[in-house]
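A.B. asks: Shown below is the structure under consideration.
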Amino acid sequence: MKKVITAAAIGNFIEWYDFAVYGYLATVLAANFFPGGNPTTALLETFAVFAVAFALRPLGGIYFGRLGDKIGRKKTLSLTVLLISGSTAFIGLLPNFASLGLCAPALLVLARCVQGFSAGGEYAGACAYVIEHAPREQKARYASFVPVSTFWSFAFAAGFTFLLSQALGPAAMGEWGWRIPFLMALPLGFFGFYLRYRLEETPVFQNIEGKAEVAPSPLSETFREHWRTILALAGFISATALSFYTFTTYMSTFLQVVGHLSQPQALLSSCICQVLAGLLCPFMGRLSDRIGRRKTTMGACLILILAVFPAFMMGSTGNLAVSILGQLLLGIGAVLTGIVTAVLMSELFPTMVRYTASAVTYNLAYTVFGGTAPFVATWLIAETGNKLAPAFYLVAVCLMALFASSRLPETSKRSLNWEAEKAAP
């Protein structure tokens with residue numbers, strides 16, 4: 001289990017480090033690729049490109065999900081880590097708008113599309129890989145280490161960018177220093193590939209592969225047999241997606257634009273909060289195994305609804321310590337939704353279509369509510385003039401997720417081979 005968790009978590013860490021860097025350097029990228037007189041417009045254009053990558057994630061989920069259900073989890077996860085690290089390093093090599101004109105943002109969009117496509121096969125596959133090795137009664141406990149790597153990848157991206165900006169200064173950071181975090185993705189990607197390729201396939205997949213029970217058409221079977229589950233789970237994951245990207249990505253921008261903190265202060269706040277969020281994950285995983293999935297999903301939605309307004313008000317004060325507390329308050333709900341999502345994706349779908357079904361469900365929700373989170377939040381504040389407008393949006397989505405979670409069955413004690421057990425005489 002240690003080797004399994006390490007390989008899945010480190011690969012996932014690399015995947016989401018690449019995504020995080022873009023979010024934390026949004027204001028710098030806006031100046032380099034979308035120059036103009038209106039900084040809000042430039043920021044909206046930068047976040048629109050951020051969202052474009054998510055539009056490709058469902059397609060990546062379909063492609064890599066089918067691949068994972070046909071050739072196995074290990075080989076598919078080895079491929080995704082190479083693709084996303086290569087596309088991220090490509091961003092670090094791009095000329096800016098002043099050098100290349102409109103071709104510069106066009107190439108940025110292309111690189112983000114490749115990032116999104118490859119990321120579509122990553123998270124659901126990493127969760128399935130870990131859970132298919134985990135003991136029956138401790139699935140959330142072991143699954144929690146995948147979100148740990150996700151939060152810590154964002155923390156590392158924030159911390160590294162913070163130290164780099166402190167060492168180089170604003171001028172050098174804006175001119176060429178922003179490229180360094182993107183270029184770091186390449187050696188990290190090769191390291192992740194090395195770790196994953198050396199692992200064995202999961203016992204659960206080996207079992208169906210040995211019996212020639214691999215689904216001939218995982219995608220069509222997914223929608224034909226499991227569309228109700230997909231809709232209900234996607235409804236809950238909408239709160240996971242929105243709270244996660246609000247907590248990890250948008251809050252850094254909010255602290256700068258609304259709270260008027262400096263970029264290094266905002267990055268420091270994000271780094272501290274995400275390290276603490278990662279430390280909280282295993283405890284939340286144990287809690288979910290103890291109280292069950294339905295109580296966890298509903299409790300997570302209620303916590304977010306209660307925490308979001310205080311979190312945004314504290315983040316708008318301009319005080320670093322108060323902002324950290326506000327961001328951490330929002331992070332508690334984001335952690336809880338992330339933990340239960342990681343395990344539900346594998347528990348709700350049978351082995352033959354698990355990779356496909358979970359990847360499609362996860363990426364549809366994240367495309368609509370995760371990738372658009374920074375853009376919608378920035379737009380809402382610009383249109384309404386209300387700095388708490390993103391909080392109202394998050395509450396509305398959490399109410400929808402609360403209803404959706406009530407439609408999901410309790411699965412915490414269920415075996416991952418439940419479909420075979422159900423069919424057995």
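Each chain in the structure tokens gets a letter, A, B and so on, in the order shown; residues start at 1 in every chain, and ligands are counted from 1 in the order they appear.
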Quick one: contact table of region 306-377 of chain A to region 406-409 of chain A, 12 Å max, nearest atom pair and distance in Å to one decimal per residue, counting only C-alpha atoms, chain and number order, as a Markdown table?
C.D. replies:
```
| residue | atom | partner | partner_atom | distance |
| --- | --- | --- | --- | --- |
| A:Thr341 | CA | A:Leu408 | CA | 11.9 |
| A:Leu344 | CA | A:Leu408 | CA | 9.5 |
| A:Met345 | CA | A:Leu408 | CA | 11.5 |
| A:Glu347 | CA | A:Pro409 | CA | 10.0 |
| A:Leu348 | CA | A:Pro409 | CA | 8.3 |
| A:Phe349 | CA | A:Pro409 | CA | 11.7 |
```
A.B. asks: Neighbouring residues of region 385-387 of chain A were defined as those with any atom within 9 Å, considering only C-alpha atoms; residues of the same chain fewer than 6 positions away were excluded. Please report them as a list in words.
C.D. replies: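 Residues meeting the cut-off are Phe254, Val258, Phe312, Met313 and Ser316 of chain A.
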A.B. asks: Find the residues around region 18-31 of chain A up to 6 Å (only C-alpha atoms counted), leave out those fewer than 6 positions away in its own chain, and share them as a ChimeraX atom specification.
C.D. replies: /A:42-43,46,154,157,174,249
A.B. asks: List every residue of region 4-251 of chain A that DSSP, applied to the backbone of this structure, assigns to alpha helix (DSSP H), and report them as a PyMOL selection string.
C.D. replies: chain A and resi 4-24+26-33+39-71+73-93+97-100+103-119+123-131+139-143+145-172+179-183+185-197+203-210+218-245+251
A.B. asks: If we count only C-alpha atoms and set the cut-off at 7 Å, which residues sit around Thr150 (chain A), ignoring sequence neighbours fewer than 3 positions away in its own chain? Please answer as a ChimeraX atom specification.
C.D. replies: /A:12-13,16,146-147,153-154
A.B. asks: I want to know what sits within 9 Å of Ile62 (chain A), based on only C-alpha atoms, with residues of the same chain fewer than 4 positions away left out; could you give that as a ChimeraX atom specification?
C.D. replies: /A:57-58,66-67,120-121,219,356-357,359-360
A.B. asks: For the selection just defined, write its residues with C-alpha atoms to a file, as a CSV table (one decimal), in the first residue's frame.
C.D. replies:
```csv
chain,number,residue,atom,x,y,z
A,57,ARG,CA,-11.3,17.4,-19.6
A,58,PRO,CA,-14.5,15.5,-20.4
A,66,ARG,CA,-11.9,3.8,-22.0
A,67,LEU,CA,-8.1,3.2,-22.2
A,120,GLY,CA,-9.1,14.4,-17.7
A,121,GLY,CA,-7.7,10.9,-17.2
A,219,LEU,CA,-18.4,4.3,-22.7
A,356,THR,CA,-14.6,5.5,-17.7
A,357,ALA,CA,-17.6,6.3,-15.5
A,359,ALA,CA,-13.6,10.1,-15.2
A,360,VAL,CA,-16.6,11.2,-17.2
```
A.B. asks: Between A:Val368, A:Leu93, A:Cys127, A:Cys103, which is the closest to Ala239 (chain A) once you count only C-alpha atoms?
C.D. replies: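 Closest residue, counting only C-alpha atoms: A:Val368.
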A.B. asks: At what distance in Å, to one decimal, does CA of Ala119 (chain A) lie from CA of Leu399 (chain A)?
C.D. replies: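 If I compute the distance from CA of Leu399 (chain A) to CA of Ala119 (chain A), I get 27.6 Å.
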A.B. asks: Which residue gives the smallest distance to Phe191 (chain A) among A:Trp178, A:Ser85, A:Pro374, A:Pro35, with only C-alpha atoms counted?
C.D. replies: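 Going through A:Trp178, A:Ser85, A:Pro374, A:Pro35 one by one, the smallest distance to Phe191 (chain A) is for A:Ser85.
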A.B. asks: Could you produce a table of the residues of region 221-292 of chain A lying within 10 Å of region 138-145 of chain A, with the nearest pair of atoms per residue and their separation in Å rounded to one decimal, using only C-alpha atoms, ordered by chain and increasing residue number, as a Markdown table?
C.D. replies:
```
| residue | atom | partner | partner_atom | distance |
| --- | --- | --- | --- | --- |
| A:Gly278 | CA | A:Phe145 | CA | 8.4 |
| A:Leu279 | CA | A:Phe145 | CA | 9.6 |
| A:Leu280 | CA | A:Ser144 | CA | 9.4 |
| A:Cys281 | CA | A:Ser144 | CA | 5.6 |
| A:Pro282 | CA | A:Ser144 | CA | 5.4 |
| A:Phe283 | CA | A:Arg141 | CA | 7.8 |
| A:Met284 | CA | A:Ser144 | CA | 7.7 |
| A:Gly285 | CA | A:Arg141 | CA | 4.3 |
| A:Arg286 | CA | A:Arg141 | CA | 5.0 |
| A:Leu287 | CA | A:Arg141 | CA | 8.3 |
| A:Ser288 | CA | A:Ala140 | CA | 6.5 |
| A:Asp289 | CA | A:Ala140 | CA | 5.9 |
| A:Arg290 | CA | A:Gln138 | CA | 9.0 |
| A:Gly292 | CA | A:Ala140 | CA | 9.7 |
```
A.B. asks: For the selection you just gave me, I'd like the residues written to a file as a CSV table (one decimal), in the first residue's frame, keeping N, CA and C atoms.
C.D. replies:
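After the write, part.csv holds the following:
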```
chain,number,residue,atom,x,y,z
A,278,GLY,N,-4.0,19.6,3.5
A,278,GLY,CA,-3.5,18.3,3.3
A,278,GLY,C,-3.3,17.5,4.5
A,279,LEU,N,-2.9,18.1,5.6
A,279,LEU,CA,-2.8,17.4,6.9
A,279,LEU,C,-4.1,17.0,7.4
A,280,LEU,N,-5.2,17.7,7.1
A,280,LEU,CA,-6.5,17.4,7.6
A,280,LEU,C,-7.2,16.2,6.8
A,281,CYS,N,-6.7,15.9,5.6
A,281,CYS,CA,-7.3,14.9,4.7
A,281,CYS,C,-7.4,13.5,5.4
A,282,PRO,N,-6.4,12.9,5.9
A,282,PRO,CA,-6.5,11.6,6.5
A,282,PRO,C,-7.5,11.5,7.6
A,283,PHE,N,-7.6,12.5,8.4
A,283,PHE,CA,-8.6,12.5,9.5
A,283,PHE,C,-10.0,12.5,9.0
A,284,MET,N,-10.2,13.3,7.9
A,284,MET,CA,-11.5,13.3,7.3
A,284,MET,C,-11.8,12.0,6.6
A,285,GLY,N,-10.8,11.3,6.1
A,285,GLY,CA,-11.0,10.0,5.5
A,285,GLY,C,-11.5,9.0,6.5
A,286,ARG,N,-10.8,9.0,7.7
A,286,ARG,CA,-11.2,8.1,8.8
A,286,ARG,C,-12.6,8.4,9.2
A,287,LEU,N,-13.0,9.7,9.3
A,287,LEU,CA,-14.3,10.1,9.7
A,287,LEU,C,-15.3,9.5,8.8
A,288,SER,N,-15.1,9.6,7.5
A,288,SER,CA,-16.0,9.2,6.5
A,288,SER,C,-16.2,7.6,6.5
A,289,ASP,N,-15.1,6.9,6.8
A,289,ASP,CA,-15.3,5.5,6.9
A,289,ASP,C,-16.1,5.1,8.2
A,290,ARG,N,-16.1,6.0,9.2
A,290,ARG,CA,-16.8,5.7,10.4
A,290,ARG,C,-18.3,6.1,10.3
A,292,GLY,N,-20.0,7.0,7.4
A,292,GLY,CA,-20.7,6.7,6.1
A,292,GLY,C,-20.6,7.8,5.2
```
A.B. asks: Return the single residue from A:Ser405, A:Ser323, A:Thr248, A:Asn96 that is closest to Thr297 (chain A), with distances computed using only C-alpha atoms.
C.D. replies: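 For Thr297 (chain A), the nearest of the candidates is A:Ser405.
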A.B. asks: Need the shell around Thr317 (chain A): protein/DNA/RNA residues with any atom at most 12 Å away, counting only C-alpha atoms. Skip same-chain ones fewer than 3 positions apart. Format as number ranges by chain?
C.D. replies: A: 254-261, 310-314, 320-327, 387
A.B. asks: Give me a file of those residues, with N, CA and C atoms, as an mmCIF file, in the first residue's frame.
C.D. replies:
```
data_model
loop_
_atom_site.group_PDB
_atom_site.id
_atom_site.type_symbol
_atom_site.label_atom_id
_atom_site.label_comp_id
_atom_site.auth_asym_id
_atom_site.auth_seq_id
_atom_site.Cartn_x
_atom_site.Cartn_y
_atom_site.Cartn_z
ATOM 1 N N PHE A 254 -8.522 36.784 -5.124
ATOM 2 C CA PHE A 254 -9.450 37.577 -4.307
ATOM 3 C C PHE A 254 -8.703 38.375 -3.238
ATOM 4 N N LEU A 255 -7.732 37.738 -2.598
ATOM 5 C CA LEU A 255 -6.968 38.419 -1.551
ATOM 6 C C LEU A 255 -6.185 39.607 -2.117
ATOM 7 N N GLN A 256 -5.779 39.497 -3.400
ATOM 8 C CA GLN A 256 -5.039 40.593 -4.022
ATOM 9 C C GLN A 256 -5.974 41.696 -4.543
ATOM 10 N N VAL A 257 -7.020 41.287 -5.268
ATOM 11 C CA VAL A 257 -7.875 42.263 -5.949
ATOM 12 C C VAL A 257 -8.838 42.945 -4.977
ATOM 13 N N VAL A 258 -9.438 42.175 -4.074
ATOM 14 C CA VAL A 258 -10.421 42.727 -3.139
ATOM 15 C C VAL A 258 -9.780 43.077 -1.798
ATOM 16 N N GLY A 259 -8.942 42.182 -1.274
ATOM 17 C CA GLY A 259 -8.306 42.420 0.015
ATOM 18 C C GLY A 259 -7.076 43.304 -0.057
ATOM 19 N N HIS A 260 -6.581 43.546 -1.287
ATOM 20 C CA HIS A 260 -5.424 44.415 -1.521
ATOM 21 C C HIS A 260 -4.148 43.941 -0.824
ATOM 22 N N LEU A 261 -4.029 42.619 -0.677
ATOM 23 C CA LEU A 261 -2.758 42.058 -0.229
ATOM 24 C C LEU A 261 -1.811 42.023 -1.423
ATOM 25 N N PRO A 310 -18.448 34.083 6.063
ATOM 26 C CA PRO A 310 -17.352 34.530 6.935
ATOM 27 C C PRO A 310 -15.987 34.454 6.262
ATOM 28 N N ALA A 311 -15.775 33.421 5.436
ATOM 29 C CA ALA A 311 -14.482 33.256 4.765
ATOM 30 C C ALA A 311 -14.191 34.422 3.827
ATOM 31 N N PHE A 312 -15.172 34.810 3.007
ATOM 32 C CA PHE A 312 -14.957 35.904 2.069
ATOM 33 C C PHE A 312 -14.842 37.247 2.790
ATOM 34 N N MET A 313 -15.612 37.441 3.852
ATOM 35 C CA MET A 313 -15.513 38.701 4.590
ATOM 36 C C MET A 313 -14.143 38.834 5.246
ATOM 37 N N MET A 314 -13.622 37.739 5.801
ATOM 38 C CA MET A 314 -12.296 37.778 6.410
ATOM 39 C C MET A 314 -11.214 37.989 5.357
ATOM 40 N N LEU A 320 -3.360 39.999 6.772
ATOM 41 C CA LEU A 320 -2.851 38.691 6.359
ATOM 42 C C LEU A 320 -3.312 37.579 7.298
ATOM 43 N N ALA A 321 -3.196 37.764 8.602
ATOM 44 C CA ALA A 321 -3.568 36.721 9.565
ATOM 45 C C ALA A 321 -5.049 36.398 9.475
ATOM 46 N N VAL A 322 -5.895 37.441 9.392
ATOM 47 C CA VAL A 322 -7.344 37.229 9.285
ATOM 48 C C VAL A 322 -7.683 36.549 7.961
ATOM 49 N N SER A 323 -6.985 36.915 6.901
ATOM 50 C CA SER A 323 -7.222 36.309 5.586
ATOM 51 C C SER A 323 -6.876 34.827 5.589
ATOM 52 N N ILE A 324 -5.804 34.458 6.266
ATOM 53 C CA ILE A 324 -5.426 33.051 6.366
ATOM 54 C C ILE A 324 -6.516 32.257 7.087
ATOM 55 N N LEU A 325 -7.045 32.811 8.171
ATOM 56 C CA LEU A 325 -8.117 32.139 8.913
ATOM 57 C C LEU A 325 -9.367 31.987 8.053
ATOM 58 N N GLY A 326 -9.695 33.031 7.286
ATOM 59 C CA GLY A 326 -10.857 32.960 6.412
ATOM 60 C C GLY A 326 -10.694 31.922 5.323
ATOM 61 N N GLN A 327 -9.513 31.883 4.708
ATOM 62 C CA GLN A 327 -9.261 30.909 3.657
ATOM 63 C C GLN A 327 -9.279 29.486 4.211
ATOM 64 N N LYS A 387 -18.466 42.388 -3.294
ATOM 65 C CA LYS A 387 -17.313 41.511 -3.094
ATOM 66 C C LYS A 387 -17.702 40.138 -2.565
#
```
A.B. asks: Report as a PyMOL selection string all protein, DNA and RNA residues lying within 12 Å of Val376 (chain A), evaluated on only C-alpha atoms, omitting residues in the same chain fewer than 6 positions from it.
C.D. replies: chain A and resi 43-45+47-48+50-51+242+245-246+250+368-370+382-384+389-394
A.B. asks: Could the residues in this selection be saved with C-alpha atoms as an mmCIF file, in the first residue's frame?
C.D. replies:
```cif
data_model
loop_
_atom_site.group_PDB
_atom_site.id
_atom_site.type_symbol
_atom_site.label_atom_id
_atom_site.label_comp_id
_atom_site.auth_asym_id
_atom_site.auth_seq_id
_atom_site.Cartn_x
_atom_site.Cartn_y
_atom_site.Cartn_z
ATOM 1 C CA LEU A 43 -7.614 38.930 -15.889
ATOM 2 C CA LEU A 44 -10.954 37.698 -17.242
ATOM 3 C CA GLU A 45 -9.244 36.695 -20.504
ATOM 4 C CA PHE A 47 -9.177 32.957 -16.506
ATOM 5 C CA ALA A 48 -11.133 32.224 -19.702
ATOM 6 C CA PHE A 50 -7.887 28.621 -17.606
ATOM 7 C CA ALA A 51 -11.475 27.464 -18.207
ATOM 8 C CA LEU A 242 -16.394 24.898 -7.031
ATOM 9 C CA TYR A 245 -10.965 25.874 -7.064
ATOM 10 C CA THR A 246 -12.363 28.746 -5.042
ATOM 11 C CA TYR A 250 -9.439 31.997 -6.845
ATOM 12 C CA VAL A 368 -18.881 23.293 -15.543
ATOM 13 C CA PHE A 369 -18.155 24.347 -11.961
ATOM 14 C CA GLY A 370 -14.390 24.018 -11.356
ATOM 15 C CA ALA A 382 -17.161 43.162 -11.624
ATOM 16 C CA GLU A 383 -20.851 43.104 -12.623
ATOM 17 C CA THR A 384 -22.476 43.488 -9.209
ATOM 18 C CA ALA A 389 -21.083 37.758 -4.881
ATOM 19 C CA PRO A 390 -18.945 34.576 -5.303
ATOM 20 C CA ALA A 391 -20.157 33.419 -1.869
ATOM 21 C CA PHE A 392 -23.804 33.552 -3.008
ATOM 22 C CA TYR A 393 -22.865 31.488 -6.059
ATOM 23 C CA LEU A 394 -21.135 28.845 -3.926
#
```
